[in-house]
Each structure stands twice: as structure tokens, then as C-alpha cells.
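What follows is a short report on a single structure.
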There are 2 protein chains.
Amino acid sequence: MCEANAYLKDGDNEVLFMESVDIIEPYENGLKLMDIFGKQMFIQAKIKDMTLLNHRIILERTDI
Amino acid sequence: MCEANAYLKDGDNEVLFMESVDIIEPYENGLKLMDIFGKQMFIQAKIKDMTLLNHRIILERTDI
């Protein structure tokens with residue numbers, strides 16, 4: 001399976017936000033993430049970078 | 001392998017921009033993409049959405 005884990009950048013740290021992410025799409029001021037089980041989470045953030053072979057997506061909070 | 005193909009949104013169409021993408025990261029006004037072979041491409045765009053299980057990343061051009 002090719003899902004990835006989404007981490008939220010917090011200063012120099014990266015905190016796990018959601019595991020097994022399949023879909024990321026824009027939603028209002030931020031992003032909607034859906035995992036492989038269909039669970040949805042919303043966050044006011046943008047995609048900073050990603051390394052798919054490492055299954056890592058880094059999100060960064062945005063201001064309104 | 002969990003690479004994805006990156007498509008550029010062009011009106012209602014999505015045109016293949018780069019295959020077998022591993023890494024996407026910010027670069028100057030846009031994005032740098034690197035494929036699993038190490039080839040790099042730059043594009044003035046942002047990530048619009050993605051479906052990892054479908055190996056699809058949709059990019060959207062941005063103005064400077």
C-alpha cells in the first residue's frame with residue numbers, strides 16, 4: 001500500500017498528525033486529509049514537502 | 001514502489017508533467033520534483049491535491 005504518514009512541522013520538530021493518508025485536497029482555508037479507512041481530518045495548513053518512498057508528508061500551519 | 005505521477009492541471013484537463021515522482025519540495029516561487037532516478041524538474045506551481053493510492057499528484061500553476 002502506498003499511503004503515507006502526515007507530519008505537522010512544529011519549529012524544528014515534526015509531529016505525527018495522521019497515519020495512512022491516502023487523499024489530500026484543499027478545503028476552505030486548509031487541507032482535508034482522508035486515510036485509507038475513510039477517516040477525515042481537517043487542518044489549516046499547507047503541504048510543505050513530501051518524500052513518497054519514505055511515506056512522509058510534511059504539513060506546515062498557515063495563518064488565516 | 002510508492003512513487004506517483006505528477007499531473008499539471010490545465011483547465012479541465014490534467015497533463016502528465018513527471019512520472020515516478022519521489023520527492024516534492026518548495027523551490028523559489030514553485031516546486032522542485034525529483035523522480036526515483038534522481039532526475040529533477042522545477043515548476044512554478046503548487047500542489048492542488050493528491051490521491052496516493054492512485055499514485056496521482058495534481059499540480060496547479062501559480063502566478064509570481
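So you can find residues: chains in the C-alpha cells are A, B, ... in the order shown, residues in each start at 1, and ligands are numbered from 1 in order.
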
I need the contact residues of chain A against chain B, so if you could list those with any atom within 7 Å, counting only C-alpha atoms, and return them as a VMD selection string, that would help. chain A and resid 1 to 3 22 to 26 48 to 53

Taking 4 positions as the minimum chain separation for residues in the same chain, which residues sit within 10 Å of Ile43 (chain A) when counting only C-alpha atoms? Answer as a PyMOL selection string. chain A and resi 8+17+26-33+59-62

Output C-alpha atoms for every residue in that selection, as an mmCIF file, in the first residue's frame.
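Done, and the output landed in part_7.cif:
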data_model
loop_
_atom_site.group_PDB
_atom_site.id
_atom_site.type_symbol
_atom_site.label_atom_id
_atom_site.label_comp_id
_atom_site.auth_asym_id
_atom_site.auth_seq_id
_atom_site.Cartn_x
_atom_site.Cartn_y
_atom_site.Cartn_z
ATOM 1 C CA LEU A 8 2.998 18.701 11.155
ATOM 2 C CA PHE A 17 -0.675 14.339 12.528
ATOM 3 C CA PRO A 26 -7.883 21.766 -0.437
ATOM 4 C CA TYR A 27 -10.673 22.536 1.992
ATOM 5 C CA GLU A 28 -11.674 26.071 2.945
ATOM 6 C CA ASN A 29 -8.541 27.706 4.365
ATOM 7 C CA GLY A 30 -6.625 24.491 4.717
ATOM 8 C CA LEU A 31 -6.494 20.856 3.801
ATOM 9 C CA LYS A 32 -8.705 17.838 4.136
ATOM 10 C CA LEU A 33 -6.885 14.566 4.660
ATOM 11 C CA LEU A 59 2.486 19.894 6.632
ATOM 12 C CA GLU A 60 3.024 23.456 7.794
ATOM 13 C CA ARG A 61 0.407 25.538 9.584
ATOM 14 C CA THR A 62 -0.869 28.615 7.766
#

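The space between CA of Gln44 (chain B) and CA of Glu19 (chain B) spans 17.4 Å.
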
Those of chain B in DSSP strand (DSSP E), formatted as a compact mmCIF listing (two decimals) with all heavy atoms, in the first residue's frame:
# COMPACT_ATOMS: atom_id res chain seq x y z
N ALA B 4 4.71 8.43 -7.43
CA ALA B 4 3.44 8.85 -8.03
C ALA B 4 3.72 9.62 -9.31
O ALA B 4 4.86 10.05 -9.55
CB ALA B 4 2.67 9.72 -7.05
N ASN B 5 2.72 9.77 -10.12
CA ASN B 5 2.84 10.62 -11.29
C ASN B 5 2.27 11.99 -10.99
O ASN B 5 1.22 12.10 -10.35
CB ASN B 5 2.12 10.00 -12.49
CG ASN B 5 2.78 8.71 -12.95
OD1 ASN B 5 3.99 8.53 -12.79
ND2 ASN B 5 2.00 7.81 -13.51
N ALA B 6 2.96 13.02 -11.45
CA ALA B 6 2.51 14.39 -11.21
C ALA B 6 1.87 14.93 -12.49
O ALA B 6 2.47 14.87 -13.57
CB ALA B 6 3.68 15.28 -10.80
N TYR B 7 0.66 15.43 -12.33
CA TYR B 7 -0.10 15.98 -13.45
C TYR B 7 -0.30 17.47 -13.23
O TYR B 7 -0.50 17.90 -12.09
CB TYR B 7 -1.47 15.31 -13.56
CG TYR B 7 -1.40 13.84 -13.84
CD1 TYR B 7 -1.22 12.93 -12.80
CD2 TYR B 7 -1.49 13.35 -15.14
CE1 TYR B 7 -1.13 11.56 -13.05
CE2 TYR B 7 -1.41 11.99 -15.39
CZ TYR B 7 -1.23 11.10 -14.35
OH TYR B 7 -1.13 9.76 -14.60
N LEU B 8 -0.24 18.22 -14.31
CA LEU B 8 -0.46 19.65 -14.23
C LEU B 8 -1.87 19.96 -14.71
O LEU B 8 -2.25 19.60 -15.82
CB LEU B 8 0.57 20.38 -15.10
CG LEU B 8 0.53 21.89 -15.05
CD1 LEU B 8 0.82 22.41 -13.64
CD2 LEU B 8 1.55 22.46 -16.04
N LYS B 9 -2.61 20.63 -13.85
CA LYS B 9 -3.98 21.00 -14.19
C LYS B 9 -3.95 22.10 -15.24
O LYS B 9 -3.28 23.11 -15.08
CB LYS B 9 -4.69 21.49 -12.93
CG LYS B 9 -6.19 21.52 -13.04
CD LYS B 9 -6.82 21.70 -11.67
CE LYS B 9 -8.23 22.25 -11.80
NZ LYS B 9 -9.10 21.37 -12.60
N ASP B 10 -4.67 21.87 -16.33
CA ASP B 10 -4.72 22.83 -17.44
C ASP B 10 -6.19 22.95 -17.83
O ASP B 10 -6.68 22.20 -18.66
CB ASP B 10 -3.87 22.31 -18.61
CG ASP B 10 -3.93 23.26 -19.80
OD1 ASP B 10 -4.35 24.41 -19.63
OD2 ASP B 10 -3.56 22.82 -20.92
N ASN B 13 -8.41 19.80 -18.02
CA ASN B 13 -7.55 18.66 -18.29
C ASN B 13 -6.43 18.54 -17.26
O ASN B 13 -6.11 19.51 -16.55
CB ASN B 13 -6.92 18.79 -19.68
CG ASN B 13 -7.96 18.80 -20.77
OD1 ASN B 13 -8.93 18.06 -20.69
ND2 ASN B 13 -7.77 19.64 -21.77
N GLU B 14 -5.85 17.38 -17.20
CA GLU B 14 -4.68 17.14 -16.35
C GLU B 14 -3.62 16.50 -17.24
O GLU B 14 -3.82 15.42 -17.78
CB GLU B 14 -5.05 16.24 -15.18
CG GLU B 14 -6.01 16.93 -14.22
CD GLU B 14 -6.69 15.98 -13.26
OE1 GLU B 14 -6.49 14.76 -13.39
OE2 GLU B 14 -7.42 16.46 -12.38
N VAL B 15 -2.52 17.24 -17.42
CA VAL B 15 -1.49 16.81 -18.34
C VAL B 15 -0.32 16.23 -17.54
O VAL B 15 0.14 16.84 -16.58
CB VAL B 15 -1.00 18.03 -19.16
CG1 VAL B 15 0.08 17.62 -20.15
CG2 VAL B 15 -2.17 18.67 -19.88
N LEU B 16 0.14 15.07 -17.96
CA LEU B 16 1.26 14.44 -17.25
C LEU B 16 2.47 15.35 -17.29
O LEU B 16 2.92 15.79 -18.34
CB LEU B 16 1.60 13.09 -17.89
CG LEU B 16 2.72 12.31 -17.21
CD1 LEU B 16 2.34 11.93 -15.79
CD2 LEU B 16 3.08 11.07 -18.00
N PHE B 17 3.01 15.66 -16.11
CA PHE B 17 4.18 16.54 -16.02
C PHE B 17 5.44 15.73 -15.74
O PHE B 17 6.48 15.96 -16.34
CB PHE B 17 3.96 17.58 -14.92
CG PHE B 17 5.14 18.46 -14.68
CD1 PHE B 17 5.54 19.40 -15.62
CD2 PHE B 17 5.88 18.34 -13.51
CE1 PHE B 17 6.65 20.20 -15.39
CE2 PHE B 17 7.00 19.14 -13.29
CZ PHE B 17 7.38 20.08 -14.23
N MET B 18 5.34 14.78 -14.82
CA MET B 18 6.53 13.98 -14.48
C MET B 18 6.06 12.65 -13.91
O MET B 18 5.14 12.59 -13.10
CB MET B 18 7.37 14.71 -13.44
CG MET B 18 8.74 14.07 -13.19
SD MET B 18 9.69 15.03 -11.96
CE MET B 18 11.35 14.44 -12.29
N GLU B 19 6.73 11.59 -14.35
CA GLU B 19 6.41 10.25 -13.85
C GLU B 19 7.32 9.87 -12.68
O GLU B 19 8.40 10.42 -12.52
CB GLU B 19 6.60 9.22 -14.97
CG GLU B 19 5.55 9.32 -16.08
CD GLU B 19 5.75 8.25 -17.13
OE1 GLU B 19 6.80 8.26 -17.80
OE2 GLU B 19 4.85 7.40 -17.28
N SER B 20 6.85 8.92 -11.89
CA SER B 20 7.69 8.28 -10.86
C SER B 20 8.31 9.28 -9.90
O SER B 20 9.49 9.22 -9.58
CB SER B 20 8.80 7.45 -11.52
OG SER B 20 8.24 6.51 -12.40
N VAL B 21 7.48 10.22 -9.44
CA VAL B 21 7.96 11.26 -8.54
C VAL B 21 8.13 10.68 -7.13
O VAL B 21 7.26 9.97 -6.63
CB VAL B 21 6.96 12.44 -8.48
CG1 VAL B 21 7.38 13.45 -7.43
CG2 VAL B 21 6.84 13.08 -9.86
N ASP B 22 9.27 10.98 -6.54
CA ASP B 22 9.52 10.59 -5.15
C ASP B 22 9.39 11.80 -4.23
O ASP B 22 8.61 11.78 -3.29
CB ASP B 22 10.93 9.99 -5.04
CG ASP B 22 11.35 9.74 -3.61
OD1 ASP B 22 10.49 9.71 -2.71
OD2 ASP B 22 12.57 9.56 -3.38
N ILE B 23 10.15 12.85 -4.52
CA ILE B 23 10.26 13.99 -3.61
C ILE B 23 9.67 15.25 -4.23
O ILE B 23 9.90 15.54 -5.41
CB ILE B 23 11.74 14.24 -3.25
CG1 ILE B 23 12.31 13.02 -2.52
CG2 ILE B 23 11.92 15.51 -2.43
CD1 ILE B 23 13.80 13.08 -2.27
N ILE B 24 8.90 15.97 -3.45
CA ILE B 24 8.44 17.30 -3.85
C ILE B 24 8.78 18.24 -2.71
O ILE B 24 8.46 17.97 -1.56
CB ILE B 24 6.92 17.34 -4.11
CG1 ILE B 24 6.54 16.35 -5.22
CG2 ILE B 24 6.49 18.75 -4.50
CD1 ILE B 24 5.06 16.35 -5.57
N GLU B 25 9.42 19.35 -3.05
CA GLU B 25 9.73 20.33 -2.01
C GLU B 25 9.68 21.72 -2.60
O GLU B 25 9.76 21.89 -3.81
CB GLU B 25 11.10 20.03 -1.37
CG GLU B 25 12.23 19.98 -2.35
CD GLU B 25 13.55 19.55 -1.69
OE1 GLU B 25 13.53 18.71 -0.80
OE2 GLU B 25 14.59 20.08 -2.10
N PRO B 26 9.51 22.73 -1.73
CA PRO B 26 9.43 24.10 -2.24
C PRO B 26 10.76 24.52 -2.86
O PRO B 26 11.82 24.12 -2.37
CB PRO B 26 9.15 24.94 -0.98
CG PRO B 26 9.06 24.01 0.16
CD PRO B 26 9.44 22.65 -0.27
N TYR B 27 10.69 25.30 -3.90
CA TYR B 27 11.90 25.83 -4.52
C TYR B 27 11.57 27.18 -5.12
O TYR B 27 10.71 27.27 -6.00
CB TYR B 27 12.41 24.89 -5.60
CG TYR B 27 13.71 25.35 -6.20
CD1 TYR B 27 14.92 25.07 -5.57
CD2 TYR B 27 13.73 26.10 -7.37
CE1 TYR B 27 16.11 25.51 -6.10
CE2 TYR B 27 14.92 26.55 -7.91
CZ TYR B 27 16.11 26.25 -7.27
OH TYR B 27 17.30 26.70 -7.80
N GLY B 30 8.23 28.12 -6.67
CA GLY B 30 7.43 26.96 -7.06
C GLY B 30 7.87 25.71 -6.34
O GLY B 30 8.12 25.73 -5.15
N LEU B 31 7.97 24.64 -7.12
CA LEU B 31 8.27 23.34 -6.55
C LEU B 31 9.42 22.69 -7.31
O LEU B 31 9.57 22.86 -8.51
CB LEU B 31 7.04 22.41 -6.69
CG LEU B 31 5.76 22.85 -6.00
CD1 LEU B 31 4.62 21.94 -6.43
CD2 LEU B 31 5.92 22.84 -4.49
N LYS B 32 10.18 21.92 -6.56
CA LYS B 32 11.17 21.05 -7.18
C LYS B 32 10.67 19.62 -7.02
O LYS B 32 10.31 19.21 -5.91
CB LYS B 32 12.53 21.21 -6.51
CG LYS B 32 13.60 20.33 -7.11
CD LYS B 32 14.96 20.64 -6.55
CE LYS B 32 15.14 20.01 -5.18
NZ LYS B 32 16.52 20.21 -4.66
N LEU B 33 10.64 18.89 -8.12
CA LEU B 33 10.24 17.49 -8.08
C LEU B 33 11.45 16.64 -8.42
O LEU B 33 12.22 16.99 -9.33
CB LEU B 33 9.13 17.19 -9.11
CG LEU B 33 7.72 17.72 -8.82
CD1 LEU B 33 7.64 19.21 -9.07
CD2 LEU B 33 6.70 17.00 -9.68
N MET B 34 11.61 15.54 -7.72
CA MET B 34 12.67 14.60 -8.05
C MET B 34 12.06 13.23 -8.22
O MET B 34 11.26 12.78 -7.39
CB MET B 34 13.73 14.57 -6.96
CG MET B 34 14.96 13.79 -7.39
SD MET B 34 16.23 13.69 -6.08
CE MET B 34 16.49 15.41 -5.71
N ASP B 35 12.43 12.57 -9.33
CA ASP B 35 11.87 11.23 -9.53
C ASP B 35 12.77 10.17 -8.91
O ASP B 35 13.82 10.49 -8.33
CB ASP B 35 11.58 10.98 -11.02
CG ASP B 35 12.84 10.79 -11.86
OD1 ASP B 35 13.94 10.66 -11.30
OD2 ASP B 35 12.71 10.79 -13.10
N GLN B 40 15.60 15.83 -11.76
CA GLN B 40 14.89 16.93 -11.11
C GLN B 40 14.17 17.79 -12.14
O GLN B 40 14.67 18.02 -13.23
CB GLN B 40 15.88 17.84 -10.36
CG GLN B 40 16.53 17.14 -9.18
CD GLN B 40 17.43 18.07 -8.39
OE1 GLN B 40 17.34 19.29 -8.51
NE2 GLN B 40 18.30 17.49 -7.59
N MET B 41 13.00 18.27 -11.78
CA MET B 41 12.29 19.25 -12.60
C MET B 41 11.76 20.34 -11.68
O MET B 41 11.44 20.10 -10.52
CB MET B 41 11.13 18.59 -13.36
CG MET B 41 11.60 17.67 -14.46
SD MET B 41 10.24 16.95 -15.42
CE MET B 41 9.77 18.33 -16.46
N PHE B 42 11.69 21.53 -12.23
CA PHE B 42 11.18 22.67 -11.48
C PHE B 42 9.92 23.16 -12.16
O PHE B 42 9.82 23.15 -13.38
CB PHE B 42 12.23 23.79 -11.47
CG PHE B 42 13.55 23.35 -10.93
CD1 PHE B 42 14.53 22.83 -11.76
CD2 PHE B 42 13.82 23.41 -9.57
CE1 PHE B 42 15.74 22.39 -11.26
CE2 PHE B 42 15.02 22.98 -9.05
CZ PHE B 42 15.99 22.46 -9.91
N ILE B 43 8.99 23.64 -11.38
CA ILE B 43 7.77 24.20 -11.97
C ILE B 43 7.21 25.24 -11.02
O ILE B 43 7.27 25.08 -9.79
CB ILE B 43 6.72 23.10 -12.27
CG1 ILE B 43 5.52 23.69 -12.97
CG2 ILE B 43 6.34 22.34 -11.01
CD1 ILE B 43 4.53 22.65 -13.48
N ALA B 45 4.44 26.17 -9.54
CA ALA B 45 3.12 25.59 -9.28
C ALA B 45 3.04 25.25 -7.80
O ALA B 45 4.02 25.32 -7.08
CB ALA B 45 2.92 24.34 -10.12
N LYS B 46 1.82 24.90 -7.40
CA LYS B 46 1.63 24.37 -6.05
C LYS B 46 0.90 23.03 -6.17
O LYS B 46 0.36 22.69 -7.22
CB LYS B 46 0.80 25.35 -5.21
CG LYS B 46 -0.58 25.61 -5.77
CD LYS B 46 -1.37 26.58 -4.92
CE LYS B 46 -2.76 26.78 -5.51
NZ LYS B 46 -3.59 27.68 -4.69
N ILE B 47 0.92 22.29 -5.07
CA ILE B 47 0.22 21.02 -5.06
C ILE B 47 -1.26 21.30 -4.83
O ILE B 47 -1.63 21.90 -3.84
CB ILE B 47 0.76 20.12 -3.93
CG1 ILE B 47 2.23 19.84 -4.17
CG2 ILE B 47 -0.04 18.83 -3.85
CD1 ILE B 47 2.94 19.26 -2.95
N LYS B 48 -2.09 20.87 -5.76
CA LYS B 48 -3.53 21.09 -5.60
C LYS B 48 -4.14 19.97 -4.77
O LYS B 48 -4.77 20.21 -3.76
CB LYS B 48 -4.22 21.19 -6.96
CG LYS B 48 -5.70 21.48 -6.83
CD LYS B 48 -6.34 21.73 -8.17
CE LYS B 48 -7.85 21.92 -7.98
NZ LYS B 48 -8.52 20.73 -7.44
N ASP B 49 -3.96 18.77 -5.19
CA ASP B 49 -4.41 17.65 -4.37
C ASP B 49 -3.68 16.39 -4.79
O ASP B 49 -2.89 16.40 -5.74
CB ASP B 49 -5.93 17.46 -4.44
CG ASP B 49 -6.44 17.36 -5.85
OD1 ASP B 49 -5.99 16.46 -6.59
OD2 ASP B 49 -7.30 18.18 -6.24
N MET B 50 -3.92 15.31 -4.07
CA MET B 50 -3.24 14.06 -4.38
C MET B 50 -4.06 12.88 -3.88
O MET B 50 -4.81 13.00 -2.91
CB MET B 50 -1.86 14.03 -3.73
CG MET B 50 -1.90 14.03 -2.23
SD MET B 50 -0.22 13.96 -1.58
CE MET B 50 0.30 15.60 -2.00
N THR B 51 -3.93 11.79 -4.56
CA THR B 51 -4.51 10.52 -4.13
C THR B 51 -3.38 9.49 -4.23
O THR B 51 -3.05 9.04 -5.32
CB THR B 51 -5.72 10.12 -5.00
OG1 THR B 51 -5.31 10.06 -6.35
CG2 THR B 51 -6.84 11.13 -4.87
N ARG B 56 -1.40 9.55 -7.86
CA ARG B 56 -1.65 10.76 -8.63
C ARG B 56 -1.43 12.00 -7.76
O ARG B 56 -1.98 12.11 -6.66
CB ARG B 56 -3.10 10.82 -9.12
CG ARG B 56 -3.40 9.87 -10.28
CD ARG B 56 -4.88 9.90 -10.60
NE ARG B 56 -5.30 11.19 -11.11
CZ ARG B 56 -5.21 11.54 -12.39
NH1 ARG B 56 -4.74 10.70 -13.27
NH2 ARG B 56 -5.63 12.73 -12.79
N ILE B 57 -0.66 12.92 -8.27
CA ILE B 57 -0.49 14.23 -7.64
C ILE B 57 -0.88 15.27 -8.68
O ILE B 57 -0.41 15.22 -9.81
CB ILE B 57 0.98 14.46 -7.22
CG1 ILE B 57 1.39 13.41 -6.19
CG2 ILE B 57 1.18 15.87 -6.67
CD1 ILE B 57 2.88 13.41 -5.90
N ILE B 58 -1.75 16.19 -8.28
CA ILE B 58 -2.20 17.22 -9.22
C ILE B 58 -1.54 18.54 -8.84
O ILE B 58 -1.67 19.00 -7.69
CB ILE B 58 -3.73 17.38 -9.19
CG1 ILE B 58 -4.43 16.02 -9.35
CG2 ILE B 58 -4.18 18.36 -10.27
CD1 ILE B 58 -4.14 15.32 -10.66
N LEU B 59 -0.86 19.14 -9.78
CA LEU B 59 -0.21 20.44 -9.59
C LEU B 59 -1.03 21.51 -10.29
O LEU B 59 -1.71 21.24 -11.28
CB LEU B 59 1.21 20.43 -10.17
CG LEU B 59 2.13 19.31 -9.71
CD1 LEU B 59 3.47 19.42 -10.45
CD2 LEU B 59 2.35 19.37 -8.21
N GLU B 60 -0.92 22.72 -9.80
CA GLU B 60 -1.65 23.85 -10.38
C GLU B 60 -0.67 25.00 -10.50
O GLU B 60 0.02 25.33 -9.53
CB GLU B 60 -2.80 24.21 -9.44
CG GLU B 60 -3.84 25.12 -10.02
CD GLU B 60 -5.04 25.24 -9.08
OE1 GLU B 60 -4.84 25.38 -7.85
OE2 GLU B 60 -6.18 25.18 -9.57
N ARG B 61 -0.62 25.60 -11.68
CA ARG B 61 0.32 26.71 -11.88
C ARG B 61 -0.02 27.88 -10.97
O ARG B 61 -1.19 28.16 -10.72
CB ARG B 61 0.29 27.18 -13.34
CG ARG B 61 1.05 26.27 -14.26
CD ARG B 61 1.43 26.97 -15.56
NE ARG B 61 2.09 26.02 -16.43
CZ ARG B 61 3.41 25.79 -16.39
NH1 ARG B 61 4.18 26.42 -15.53
NH2 ARG B 61 3.94 24.90 -17.21
